[in-house]
There are 2 protein chains.
Amino acid sequence: MEKTAIVLLSGGLDSATTLAIARNQGFSCFAMSFQYGQRHSVELQAAQSIARSSGVMEHRIVEIDLASFGGSALTDSSIDVPKDRRQITSGPIPETYVPARNTIFLSYALAWAEVLGVFDIFIGINATDYSGYPDCRGEFIQAFEKMANLATAAAVQGRGQFRIHTPILMMAKSQIIQTGIRLGVDYSLTHSCYDPDSQGRACGHCDSCRLRKKGFTESGVTDPTRYQQ
Amino acid sequence: MEKTAIVLLSGGLDSATTLAIARNQGFSCFAMSFQYGQRHSVELQAAQSIARSSGVMEHRIVEIDLASFGGSALTDSSIDVPKDRRQITSGPIPETYVPARNTIFLSYALAWAEVLGVFDIFIGINATDYSGYPDCRGEFIQAFEKMANLATAAAVQGRGQFRIHTPILMMAKSQIIQTGIRLGVDYSLTHSCYDPDSQGRACGHCDSCRLRKKGFTESGVTDPTRYQQ
């Protein structure tokens with residue numbers, strides 16, 4: 001029987017690699033992205049390019065309104081995206097945190113999975129080279145998975161158990177890039193910057209840019225990112 | 001300090017009673033409803049009337065697209081709403097089940113709660129006079145609550161612990177109605193039917209209508225519902 005999975009695909013480096021890993025594990029993949037009012041919506045174009053070049057079975061972009069809740073630099077243009085923070089992975093949770101974002105993303109993936117009869121969901125969260133978001137930690141994923149298996153008819157009726165896969169959770173950014181390169185990921189298609197200019201070029205100074213830059217430097221892979229100036 | 005809560009308000013009898021209970025417990029309430037492609041969207045007008053008459057601080061109706069996933073009689077007009085089922089509370093999960101619906105609803109409530117600085121969320125699920133939906137059971141709520149407290153900056157940084165309140169979880173429908181009457185709920189404002197006609201009149205035969213009817217009969221309260229002839 002064909003193995004199928006849903007992969008959450010933001011358009012960034014991590015989720016592109018996660019998709020490649022899922023495919024390498026033999027899964028035929030459905031990709032899911034979100035237009036959630038993010039200021040860096042250029043990442044959705046990246047997600048489309050990645051989905052297309054990866055031959056996913058279907059790519060669905062769901063529009064959800066998180067901007068109206070506010071509370072995050074990523075969805076509220078009146079809050080600045082922090083630049084050149086001293087401590088990225090050990091400091092306080094920054095303003096780019098979006099309340100309950102991964103919970104909402106995974107909930108939609110769960111709904112689609114149940115309708116499709118899919119039980120495997122991949123998410124490219126990373127708890128090593130990351131900004132300390134609580135919903136990028138393994139404990140959160142375990143709790144979500146447990147909840148999912150109590151929430152759904154598919155699980156309760158014994159048709160299967162949902163599993164949330166986090167293959168890059170404990171990898172350093174450089175390992176993620178090396179893994180992706182081995183699996184044929186074209187990182188020039190990916191977008192990571194939280195605060196790109198109108199041409200989609202990366203700022204080079206937000207957490208996401210700096211973690212990405214560091215990853216390319218440490219992995220010895222040429223950084224294909226287009227930076228501003 | 002003022003006690004505040006978010007109440008999920010569908011416009012039905014259960015959620016209207018839950019809102020009244022939350023207010024009676026001293027909470028100032030924010031109400032949240034969803035336009036999710038349900039065929040009985042007349043319930044949203046009911047939700048607005050209830051919110052208005054209850055003096056909530058804000059009533060937010062979030063548009064989400066569950067219909068595009070399909071898989072439920074409530075969001076797909078090609079699937080019939082089951083009528084006059086022999087066993088409602090002990091039979092198989094019916095076609096009106098919407099995959100991951102309460103998970104998605106609670107995820108949005110969690111996002112809004114975190115932005116507002118609210119830690120109490122009320123949901124009018126009932127595991128007694130109900131259709132056997134898995135996401136209307138206490139085990140699900142406990143798992144969601146645990147997940148919520150791992151998912152969010154507010155909880156992880158110690159500003160508070162989220163609590164999902166289910167005050168009518170174990171009540172019979174008649175008890176719910178008696179409780180609501182005592183608290184002044186105007187049930188003529190509420191809408192329960194899954195398959196109303198174009199004038200918003202209840203069919204009288206879907207699970208939701210029959211559980212409601214039974215509740216009014218057993219509670220000795222006059223049923224204010226407008227039925228189709």
# chains A, B, ... in the order shown; residues from 1 in each chain; ligands from 1
>>> interface_residues(of="chain A", to="chain B", cutoff="10 Å", atoms="only C-alpha atoms", output="ChimeraX atom specification")
/A:62-66,68-72,92-94,97-116,132-157
>>> write_last_selection(atoms="C-alpha atoms", output="mmCIF file, in the first residue's frame")
data_model
loop_
_atom_site.group_PDB
_atom_site.id
_atom_site.type_symbol
_atom_site.label_atom_id
_atom_site.label_comp_id
_atom_site.auth_asym_id
_atom_site.auth_seq_id
_atom_site.Cartn_x
_atom_site.Cartn_y
_atom_site.Cartn_z
ATOM 1 C CA VAL A 62 -5.168 27.751 3.348
ATOM 2 C CA GLU A 63 -6.082 31.329 4.110
ATOM 3 C CA ILE A 64 -6.378 32.006 7.795
ATOM 4 C CA ASP A 65 -6.671 35.274 9.579
ATOM 5 C CA LEU A 66 -4.121 35.493 12.365
ATOM 6 C CA SER A 68 -6.573 40.298 13.111
ATOM 7 C CA PHE A 69 -5.511 38.921 16.494
ATOM 8 C CA GLY A 70 -2.239 40.855 16.330
ATOM 9 C CA GLY A 71 0.403 40.261 18.961
ATOM 10 C CA SER A 72 3.270 39.419 16.623
ATOM 11 C CA PRO A 92 13.695 35.533 25.614
ATOM 12 C CA ILE A 93 10.971 34.608 23.127
ATOM 13 C CA PRO A 94 11.113 37.405 20.522
ATOM 14 C CA TYR A 97 6.461 34.624 17.953
ATOM 15 C CA VAL A 98 2.919 34.180 16.578
ATOM 16 C CA PRO A 99 0.482 33.032 19.277
ATOM 17 C CA ALA A 100 -0.618 29.413 18.791
ATOM 18 C CA ARG A 101 0.544 29.375 15.173
ATOM 19 C CA ASN A 102 1.824 25.814 15.007
ATOM 20 C CA THR A 103 -1.183 24.593 16.983
ATOM 21 C CA ILE A 104 -3.476 26.089 14.350
ATOM 22 C CA PHE A 105 -1.341 24.826 11.451
ATOM 23 C CA LEU A 106 -1.271 21.288 12.834
ATOM 24 C CA SER A 107 -5.014 21.390 13.535
ATOM 25 C CA TYR A 108 -5.724 22.144 9.884
ATOM 26 C CA ALA A 109 -3.290 19.427 8.822
ATOM 27 C CA LEU A 110 -5.135 17.045 11.121
ATOM 28 C CA ALA A 111 -8.485 17.930 9.558
ATOM 29 C CA TRP A 112 -7.167 17.403 6.044
ATOM 30 C CA ALA A 113 -5.385 14.199 7.071
ATOM 31 C CA GLU A 114 -8.562 12.765 8.505
ATOM 32 C CA VAL A 115 -10.520 13.510 5.337
ATOM 33 C CA LEU A 116 -7.756 12.065 3.133
ATOM 34 C CA GLY A 132 12.953 29.659 21.322
ATOM 35 C CA TYR A 133 9.328 29.481 20.192
ATOM 36 C CA PRO A 134 7.487 27.127 22.573
ATOM 37 C CA ASP A 135 5.626 25.431 19.722
ATOM 38 C CA CYS A 136 8.887 24.293 18.141
ATOM 39 C CA ARG A 137 9.724 21.847 20.918
ATOM 40 C CA GLY A 138 9.337 18.105 21.098
ATOM 41 C CA GLU A 139 7.169 18.250 24.245
ATOM 42 C CA PHE A 140 4.605 20.301 22.368
ATOM 43 C CA ILE A 141 4.546 17.889 19.442
ATOM 44 C CA GLN A 142 4.099 14.879 21.721
ATOM 45 C CA ALA A 143 1.185 16.576 23.451
ATOM 46 C CA PHE A 144 -0.378 17.523 20.116
ATOM 47 C CA GLU A 145 -0.057 13.968 18.823
ATOM 48 C CA LYS A 146 -1.719 12.580 21.925
ATOM 49 C CA MET A 147 -4.542 15.099 21.612
ATOM 50 C CA ALA A 148 -4.980 14.318 17.898
ATOM 51 C CA ASN A 149 -5.517 10.659 18.669
ATOM 52 C CA LEU A 150 -8.314 11.555 21.085
ATOM 53 C CA ALA A 151 -9.869 14.234 18.858
ATOM 54 C CA THR A 152 -10.651 12.327 15.694
ATOM 55 C CA ALA A 153 -13.079 9.660 14.548
ATOM 56 C CA ALA A 154 -10.337 8.036 12.453
ATOM 57 C CA ALA A 155 -8.174 7.392 15.515
ATOM 58 C CA VAL A 156 -10.960 6.637 17.991
ATOM 59 C CA GLN A 157 -12.549 4.129 15.612
#
>>> select_by_dssp(residues="segment 16-161 of chain A", states="strand (DSSP E)", output="number ranges by chain")
A: 28-35, 58-63, 120-122
>>> residues_around(residues="segment 18-27 of chain B", least_positions_apart="6", cutoff="7 Å", atoms="only C-alpha atoms", output="MDAnalysis selection string")
chainID B and resid 3:5 7 123:124 167:168 180 183 185
>>> write_last_selection(atoms="C-alpha atoms", output="short mmCIF file (atom, residue, chain, number, x, y, z; two decimals), in the first residue's frame")
data_model
loop_
_atom_site.label_atom_id
_atom_site.label_comp_id
_atom_site.auth_asym_id
_atom_site.auth_seq_id
_atom_site.Cartn_x
_atom_site.Cartn_y
_atom_site.Cartn_z
CA LYS B 3 -11.82 37.72 35.64
CA THR B 4 -11.98 37.32 31.87
CA ALA B 5 -12.74 34.36 29.65
CA VAL B 7 -16.46 31.50 25.34
CA ILE B 123 -16.61 25.35 25.48
CA GLY B 124 -20.13 23.94 25.62
CA PRO B 167 -19.30 23.19 32.66
CA ILE B 168 -22.05 21.22 30.89
CA GLY B 180 -29.98 28.07 31.57
CA LEU B 183 -29.62 31.96 34.68
CA VAL B 185 -31.04 32.32 29.00
#
>>> select_by_dssp(residues="segment 6-217 of chain B", states="helix (DSSP H, G or I)", output="PyMOL selection string")
chain B and resi 13-24+42-54+67-69+101-116+134-136+138-151+153-156+173-182+187-189+207-217
>>> residues_around(residues="Leu9 of chain B", least_positions_apart="2", cutoff="7 Å", atoms="only C-alpha atoms", output="PyMOL selection string")
chain B and resi 7+11+15-16+31-33+47
>>> atom_distance(atom1="atom CA of Thr128 of chain A", atom2="atom CA of Gly200 of chain A")
26.4 Å
>>> closest_residue(among="A:Gln175, A:Thr96, A:Thr89, A:Ser78", to="Cys193 of chain A", atoms="only C-alpha atoms")
A:Thr96
>>> residues_around(residues="segment 209-224 of chain B", least_positions_apart="6", cutoff="6 Å", atoms="only C-alpha atoms", output="PDB file with N, CA and C atoms, in the first residue's frame")
ATOM      1  N   LYS B 173     -29.382  16.915  28.725  1.00  0.00           N
ATOM      2  CA  LYS B 173     -29.884  18.100  28.026  1.00  0.00           C
ATOM      3  C   LYS B 173     -30.919  18.839  28.875  1.00  0.00           C
ATOM      4  N   SER B 174     -31.748  18.083  29.591  1.00  0.00           N
ATOM      5  CA  SER B 174     -32.778  18.722  30.424  1.00  0.00           C
ATOM      6  C   SER B 174     -32.148  19.546  31.558  1.00  0.00           C
ATOM      7  N   SER B 188     -35.228  31.101  22.947  1.00  0.00           N
ATOM      8  CA  SER B 188     -35.818  31.409  21.638  1.00  0.00           C
ATOM      9  C   SER B 188     -34.777  32.036  20.712  1.00  0.00           C
ATOM     10  N   CYS B 193     -30.704  23.232  14.934  1.00  0.00           N
ATOM     11  CA  CYS B 193     -30.912  22.322  13.794  1.00  0.00           C
ATOM     12  C   CYS B 193     -29.758  22.347  12.785  1.00  0.00           C
TER      13      CYS B 193
END
>>> atom_distance(atom1="atom CA of Ile177 of chain A", atom2="atom CA of Thr17 of chain A")
7.5 Å
